[in-house]
Amino acid sequence: MRTAALLRAAGVGAGDEVVVPAFGNVEVAEAVTAAGAQPVFADIDPVTYCLDATAVDAAVTGRTAAVVAVHRFGRSADVGRLHEVGRRHGLLVLEHGESDAPHDELARRRERAAYLDTRLRGVRTPDGGAGHSYQQYVVRVPGNGRPDRDAFARAVRARGVDCRVPVKTPVHRLPAFRRYLSLPETERAAEETLALPVDASLTRREMHRIVAACNALGGPIVVGSTAGFGV
């Protein structure tokens, strides 16, 4: 594991704590354990789904040696603020990135994301933000928890649209890393998020099917033009 190797190379090991997100990426917590340190979970920013710098600051103790920032779904963590926290406490700050797509593919994904942004109803679309590469197009399905999101996902799949729950269980709720702590934004995101297709290869017809399937469940169907991106 590259993260484990970097932590060990920096002298992080037994007796140390490393702050990590609990929203997915169990391999990051496993890397911390592989280095001999203890993962400590901090909450996420609800817009980027990445570590929240204020939550990281609150999680720091006298044993904290490092922070691992994970970039999520094509959005970048606020590494500037995280490095500020690191400098203030004398911590190593590592980044766990996602592989980027070629420029042409990235442009097509952004076009398809923009198409969904303007047509989906009844779900909360992602905040694009600067530099969003849409590794995944993640919406929020509002409701009273998992049954609502999961029922929505089943109904969308029944209409011929592939979708998936990006994080089924936060890492701090998994048996190997169970912690009895409150991470409200992490838990809310795990209950509400759903990843819809945004592949560069999707056709106009397929994009229209996604919109029609979601809007039939979450709001009025918008039958407008399918123009707006190339194929």
# chains A, B, ... in the order shown; residues from 1 in each chain; ligands from 1
call {"tool": "residues_around", "arguments": {"residues": "Phe23 in chain A", "least_positions_apart": "4", "cutoff": "9 Å", "atoms": "only C-alpha atoms", "output": "MDAnalysis selection string"}}
result
chainID A and resid 43:44 49:51 167 169:172 186:187 189:190
call {"tool": "select_by_dssp", "arguments": {"residues": "range 42-168 of chain A", "states": "strand (DSSP E)", "output": "ChimeraX atom specification"}}
result
/A:42,64-70,92-96,137-140
call {"tool": "write_last_selection", "arguments": {"atoms": "all heavy atoms", "output": "compact mmCIF listing (two decimals), in the first residue's frame"}}
result
# COMPACT_ATOMS: atom_id res chain seq x y z
N ALA A 42 -12.67 11.47 11.06
CA ALA A 42 -13.23 12.81 11.15
C ALA A 42 -14.32 12.95 10.12
O ALA A 42 -14.38 12.22 9.12
CB ALA A 42 -12.14 13.86 10.93
N THR A 64 -1.63 12.51 17.51
CA THR A 64 -1.86 12.61 16.07
C THR A 64 -0.56 12.93 15.35
O THR A 64 0.15 13.87 15.70
CB THR A 64 -2.90 13.70 15.75
OG1 THR A 64 -4.09 13.45 16.52
CG2 THR A 64 -3.25 13.69 14.27
N ALA A 65 -0.26 12.15 14.31
CA ALA A 65 0.98 12.35 13.56
C ALA A 65 0.72 12.75 12.11
O ALA A 65 1.60 13.33 11.47
CB ALA A 65 1.82 11.06 13.57
N ALA A 66 -0.46 12.43 11.58
CA ALA A 66 -0.69 12.67 10.16
C ALA A 66 -2.19 12.76 9.85
O ALA A 66 -3.04 12.37 10.66
CB ALA A 66 -0.06 11.55 9.32
N VAL A 67 -2.46 13.27 8.66
CA VAL A 67 -3.81 13.35 8.10
C VAL A 67 -3.73 12.80 6.68
O VAL A 67 -2.79 13.12 5.95
CB VAL A 67 -4.33 14.80 8.06
CG1 VAL A 67 -5.72 14.86 7.41
CG2 VAL A 67 -4.35 15.41 9.45
N VAL A 68 -4.71 11.98 6.30
CA VAL A 68 -4.79 11.51 4.91
C VAL A 68 -6.06 12.08 4.29
O VAL A 68 -7.17 11.71 4.68
CB VAL A 68 -4.79 9.97 4.81
CG1 VAL A 68 -4.87 9.55 3.34
CG2 VAL A 68 -3.55 9.38 5.46
N ALA A 69 -5.89 12.99 3.34
CA ALA A 69 -7.02 13.61 2.64
C ALA A 69 -7.34 12.78 1.41
O ALA A 69 -6.45 12.50 0.60
CB ALA A 69 -6.67 15.04 2.24
N VAL A 70 -8.60 12.40 1.26
CA VAL A 70 -9.03 11.59 0.11
C VAL A 70 -9.87 12.46 -0.81
O VAL A 70 -10.88 13.05 -0.39
CB VAL A 70 -9.85 10.37 0.58
CG1 VAL A 70 -10.30 9.54 -0.62
CG2 VAL A 70 -9.03 9.52 1.55
N LEU A 92 1.98 15.58 9.33
CA LEU A 92 2.14 15.22 7.94
C LEU A 92 0.76 15.18 7.28
O LEU A 92 -0.18 14.61 7.86
CB LEU A 92 2.80 13.84 7.84
CG LEU A 92 2.88 13.19 6.46
CD1 LEU A 92 3.87 13.93 5.57
CD2 LEU A 92 3.27 11.71 6.60
N VAL A 93 0.61 15.77 6.10
CA VAL A 93 -0.66 15.72 5.35
C VAL A 93 -0.40 15.01 4.02
O VAL A 93 0.38 15.49 3.21
CB VAL A 93 -1.24 17.13 5.11
CG1 VAL A 93 -2.52 17.04 4.29
CG2 VAL A 93 -1.51 17.83 6.44
N LEU A 94 -1.06 13.87 3.84
CA LEU A 94 -0.95 13.10 2.61
C LEU A 94 -2.25 13.21 1.82
O LEU A 94 -3.31 13.41 2.40
CB LEU A 94 -0.67 11.62 2.91
CG LEU A 94 0.64 11.29 3.63
CD1 LEU A 94 0.71 9.78 3.87
CD2 LEU A 94 1.84 11.75 2.82
N GLU A 95 -2.15 13.05 0.50
CA GLU A 95 -3.33 13.07 -0.36
C GLU A 95 -3.50 11.71 -1.02
O GLU A 95 -2.54 11.13 -1.53
CB GLU A 95 -3.21 14.15 -1.44
CG GLU A 95 -3.13 15.56 -0.89
CD GLU A 95 -3.00 16.58 -2.01
OE1 GLU A 95 -3.77 16.49 -2.99
OE2 GLU A 95 -2.10 17.45 -1.90
N HIS A 96 -4.73 11.22 -0.99
CA HIS A 96 -5.08 9.97 -1.65
C HIS A 96 -5.96 10.34 -2.83
O HIS A 96 -7.12 10.73 -2.66
CB HIS A 96 -5.83 9.06 -0.67
CG HIS A 96 -6.13 7.69 -1.20
ND1 HIS A 96 -5.26 6.63 -1.10
CD2 HIS A 96 -7.23 7.21 -1.83
CE1 HIS A 96 -5.81 5.55 -1.64
NE2 HIS A 96 -7.00 5.89 -2.09
N TYR A 137 -21.14 10.76 -10.76
CA TYR A 137 -22.17 11.80 -10.67
C TYR A 137 -23.07 11.40 -9.51
O TYR A 137 -23.92 10.50 -9.63
CB TYR A 137 -22.96 11.90 -11.97
CG TYR A 137 -23.94 13.05 -11.98
CD1 TYR A 137 -23.55 14.32 -12.41
CD2 TYR A 137 -25.25 12.87 -11.55
CE1 TYR A 137 -24.44 15.38 -12.42
CE2 TYR A 137 -26.14 13.92 -11.54
CZ TYR A 137 -25.74 15.17 -11.98
OH TYR A 137 -26.63 16.22 -11.98
N VAL A 138 -22.86 12.04 -8.36
CA VAL A 138 -23.50 11.61 -7.12
C VAL A 138 -24.59 12.60 -6.72
O VAL A 138 -24.31 13.78 -6.49
CB VAL A 138 -22.46 11.46 -5.99
CG1 VAL A 138 -23.14 11.10 -4.68
CG2 VAL A 138 -21.45 10.39 -6.37
N VAL A 139 -25.82 12.09 -6.65
CA VAL A 139 -26.95 12.91 -6.22
C VAL A 139 -27.33 12.51 -4.81
O VAL A 139 -26.91 11.48 -4.28
CB VAL A 139 -28.15 12.73 -7.17
CG1 VAL A 139 -27.79 13.13 -8.59
CG2 VAL A 139 -28.69 11.29 -7.13
N ARG A 140 -28.15 13.36 -4.20
CA ARG A 140 -28.74 13.05 -2.89
C ARG A 140 -30.22 12.75 -3.10
O ARG A 140 -30.93 13.51 -3.76
CB ARG A 140 -28.60 14.23 -1.95
CG ARG A 140 -27.18 14.62 -1.60
CD ARG A 140 -26.70 13.90 -0.36
NE ARG A 140 -25.47 14.49 0.13
CZ ARG A 140 -25.16 14.61 1.42
NH1 ARG A 140 -26.01 14.21 2.34
NH2 ARG A 140 -24.00 15.13 1.78
call {"tool": "closest_residue", "arguments": {"among": "A:Leu120, A:Cys214, A:Val165, A:Leu181", "to": "Ala195 in chain A", "atoms": "only C-alpha atoms"}}
result
A:Val165
call {"tool": "residues_around", "arguments": {"residues": "range 175-178 of chain A", "least_positions_apart": "4", "cutoff": "12 Å", "atoms": "only C-alpha atoms", "output": "ChimeraX atom specification"}}
result
/A:20,22,26-30,32-33,38-41,169-171,182
call {"tool": "residues_around", "arguments": {"residues": "Arg149 in chain A", "least_positions_apart": "6", "cutoff": "8 Å", "atoms": "only C-alpha atoms", "output": "list in words"}}
result
Val141, Pro142, Gly143, Glu191, Glu192, Thr193 and Leu194 of chain A
call {"tool": "atom_distance", "arguments": {"atom1": "CA of Val161 in chain A", "atom2": "CA of Glu105 in chain A"}}
result
20.9 Å
call {"tool": "atom_distance", "arguments": {"atom1": "CA of Arg209 in chain A", "atom2": "CA of Lys168 in chain A"}}
result
25.0 Å
call {"tool": "decode", "arguments": {"residues": "range 95-192 of chain A", "atoms": "C-alpha atoms", "output": "short mmCIF file (atom, residue, chain, number, x, y, z; two decimals), in the first residue's frame"}}
result
data_model
loop_
_atom_site.label_atom_id
_atom_site.label_comp_id
_atom_site.auth_asym_id
_atom_site.auth_seq_id
_atom_site.Cartn_x
_atom_site.Cartn_y
_atom_site.Cartn_z
CA GLU A 95 -3.33 13.07 -0.36
CA HIS A 96 -5.08 9.97 -1.65
CA GLY A 97 -6.09 10.80 -5.21
CA GLU A 98 -8.21 9.38 -7.99
CA SER A 99 -6.85 8.64 -11.43
CA ASP A 100 -7.76 11.36 -13.92
CA ALA A 101 -9.32 10.86 -17.32
CA PRO A 102 -7.95 12.06 -20.67
CA HIS A 103 -9.00 15.60 -21.56
CA ASP A 104 -11.55 14.60 -24.22
CA GLU A 105 -13.21 12.06 -21.95
CA LEU A 106 -13.30 14.55 -19.10
CA ALA A 107 -14.95 17.16 -21.32
CA ARG A 108 -17.65 14.69 -22.37
CA ARG A 109 -18.33 13.67 -18.78
CA ARG A 110 -18.74 17.32 -17.82
CA GLU A 111 -21.18 17.84 -20.69
CA ARG A 112 -23.28 14.91 -19.54
CA ALA A 113 -23.15 16.13 -15.95
CA ALA A 114 -24.35 19.57 -17.07
CA TYR A 115 -27.21 17.90 -18.96
CA LEU A 116 -28.30 16.08 -15.79
CA ASP A 117 -27.86 19.21 -13.66
CA THR A 118 -30.46 21.12 -15.65
CA ARG A 119 -33.04 18.34 -16.03
CA LEU A 120 -33.15 16.19 -12.91
CA ARG A 121 -35.96 16.92 -10.44
CA GLY A 122 -36.61 15.56 -6.97
CA VAL A 123 -32.97 14.77 -6.21
CA ARG A 124 -30.21 17.11 -5.15
CA THR A 125 -27.62 17.32 -7.91
CA PRO A 126 -23.90 17.70 -7.11
CA ASP A 127 -22.32 21.09 -6.64
CA GLY A 128 -19.94 21.13 -9.58
CA GLY A 129 -17.40 23.50 -8.11
CA ALA A 130 -14.08 24.37 -9.69
CA GLY A 131 -12.33 21.46 -11.31
CA HIS A 132 -14.99 18.79 -10.71
CA SER A 133 -14.04 15.88 -12.98
CA TYR A 134 -17.18 13.79 -12.29
CA GLN A 135 -15.46 10.50 -11.59
CA GLN A 136 -18.96 9.77 -10.35
CA TYR A 137 -22.17 11.80 -10.67
CA VAL A 138 -23.50 11.61 -7.12
CA VAL A 139 -26.95 12.91 -6.22
CA ARG A 140 -28.74 13.05 -2.89
CA VAL A 141 -32.09 11.33 -2.52
CA PRO A 142 -33.83 13.15 0.33
CA GLY A 143 -35.93 11.15 2.73
CA ASN A 144 -35.81 9.44 6.07
CA GLY A 145 -32.76 7.28 5.53
CA ARG A 146 -31.63 4.25 3.59
CA PRO A 147 -35.05 2.76 2.74
CA ASP A 148 -35.93 5.87 0.73
CA ARG A 149 -32.65 6.01 -1.20
CA ASP A 150 -32.50 2.27 -1.66
CA ALA A 151 -36.11 2.06 -2.84
CA PHE A 152 -35.40 4.89 -5.28
CA ALA A 153 -32.34 3.03 -6.58
CA ARG A 154 -34.31 -0.19 -7.09
CA ALA A 155 -37.03 1.67 -8.97
CA VAL A 156 -34.49 3.45 -11.21
CA ARG A 157 -32.79 0.14 -12.02
CA ALA A 158 -36.19 -1.37 -12.85
CA ARG A 159 -36.51 1.38 -15.47
CA GLY A 160 -33.31 0.24 -17.15
CA VAL A 161 -30.84 2.70 -15.59
CA ASP A 162 -27.69 1.45 -13.90
CA CYS A 163 -26.95 3.21 -10.62
CA ARG A 164 -25.14 2.33 -7.45
CA VAL A 165 -24.78 3.30 -3.82
CA PRO A 166 -21.24 4.70 -3.60
CA VAL A 167 -20.75 4.09 0.14
CA LYS A 168 -23.03 1.53 1.76
CA THR A 169 -21.48 1.60 5.24
CA PRO A 170 -19.08 4.21 6.63
CA VAL A 171 -15.76 2.76 7.73
CA HIS A 172 -16.36 3.63 11.41
CA ARG A 173 -19.40 1.30 11.31
CA LEU A 174 -17.52 -1.67 9.83
CA PRO A 175 -16.67 -4.46 12.31
CA ALA A 176 -12.89 -4.12 11.88
CA PHE A 177 -12.91 -0.37 12.61
CA ARG A 178 -16.06 0.12 14.68
CA ARG A 179 -16.05 3.37 16.62
CA TYR A 180 -18.91 4.72 18.69
CA LEU A 181 -18.71 8.31 17.60
CA SER A 182 -21.00 10.73 15.82
CA LEU A 183 -20.09 11.73 12.27
CA PRO A 184 -23.41 13.26 11.17
CA GLU A 185 -22.41 14.41 7.68
CA THR A 186 -20.71 11.09 6.93
CA GLU A 187 -23.74 9.11 8.07
CA ARG A 188 -26.20 11.35 6.23
CA ALA A 189 -24.19 11.05 3.02
CA ALA A 190 -24.06 7.26 3.34
CA GLU A 191 -27.86 7.20 3.70
CA GLU A 192 -28.71 9.62 0.87
#
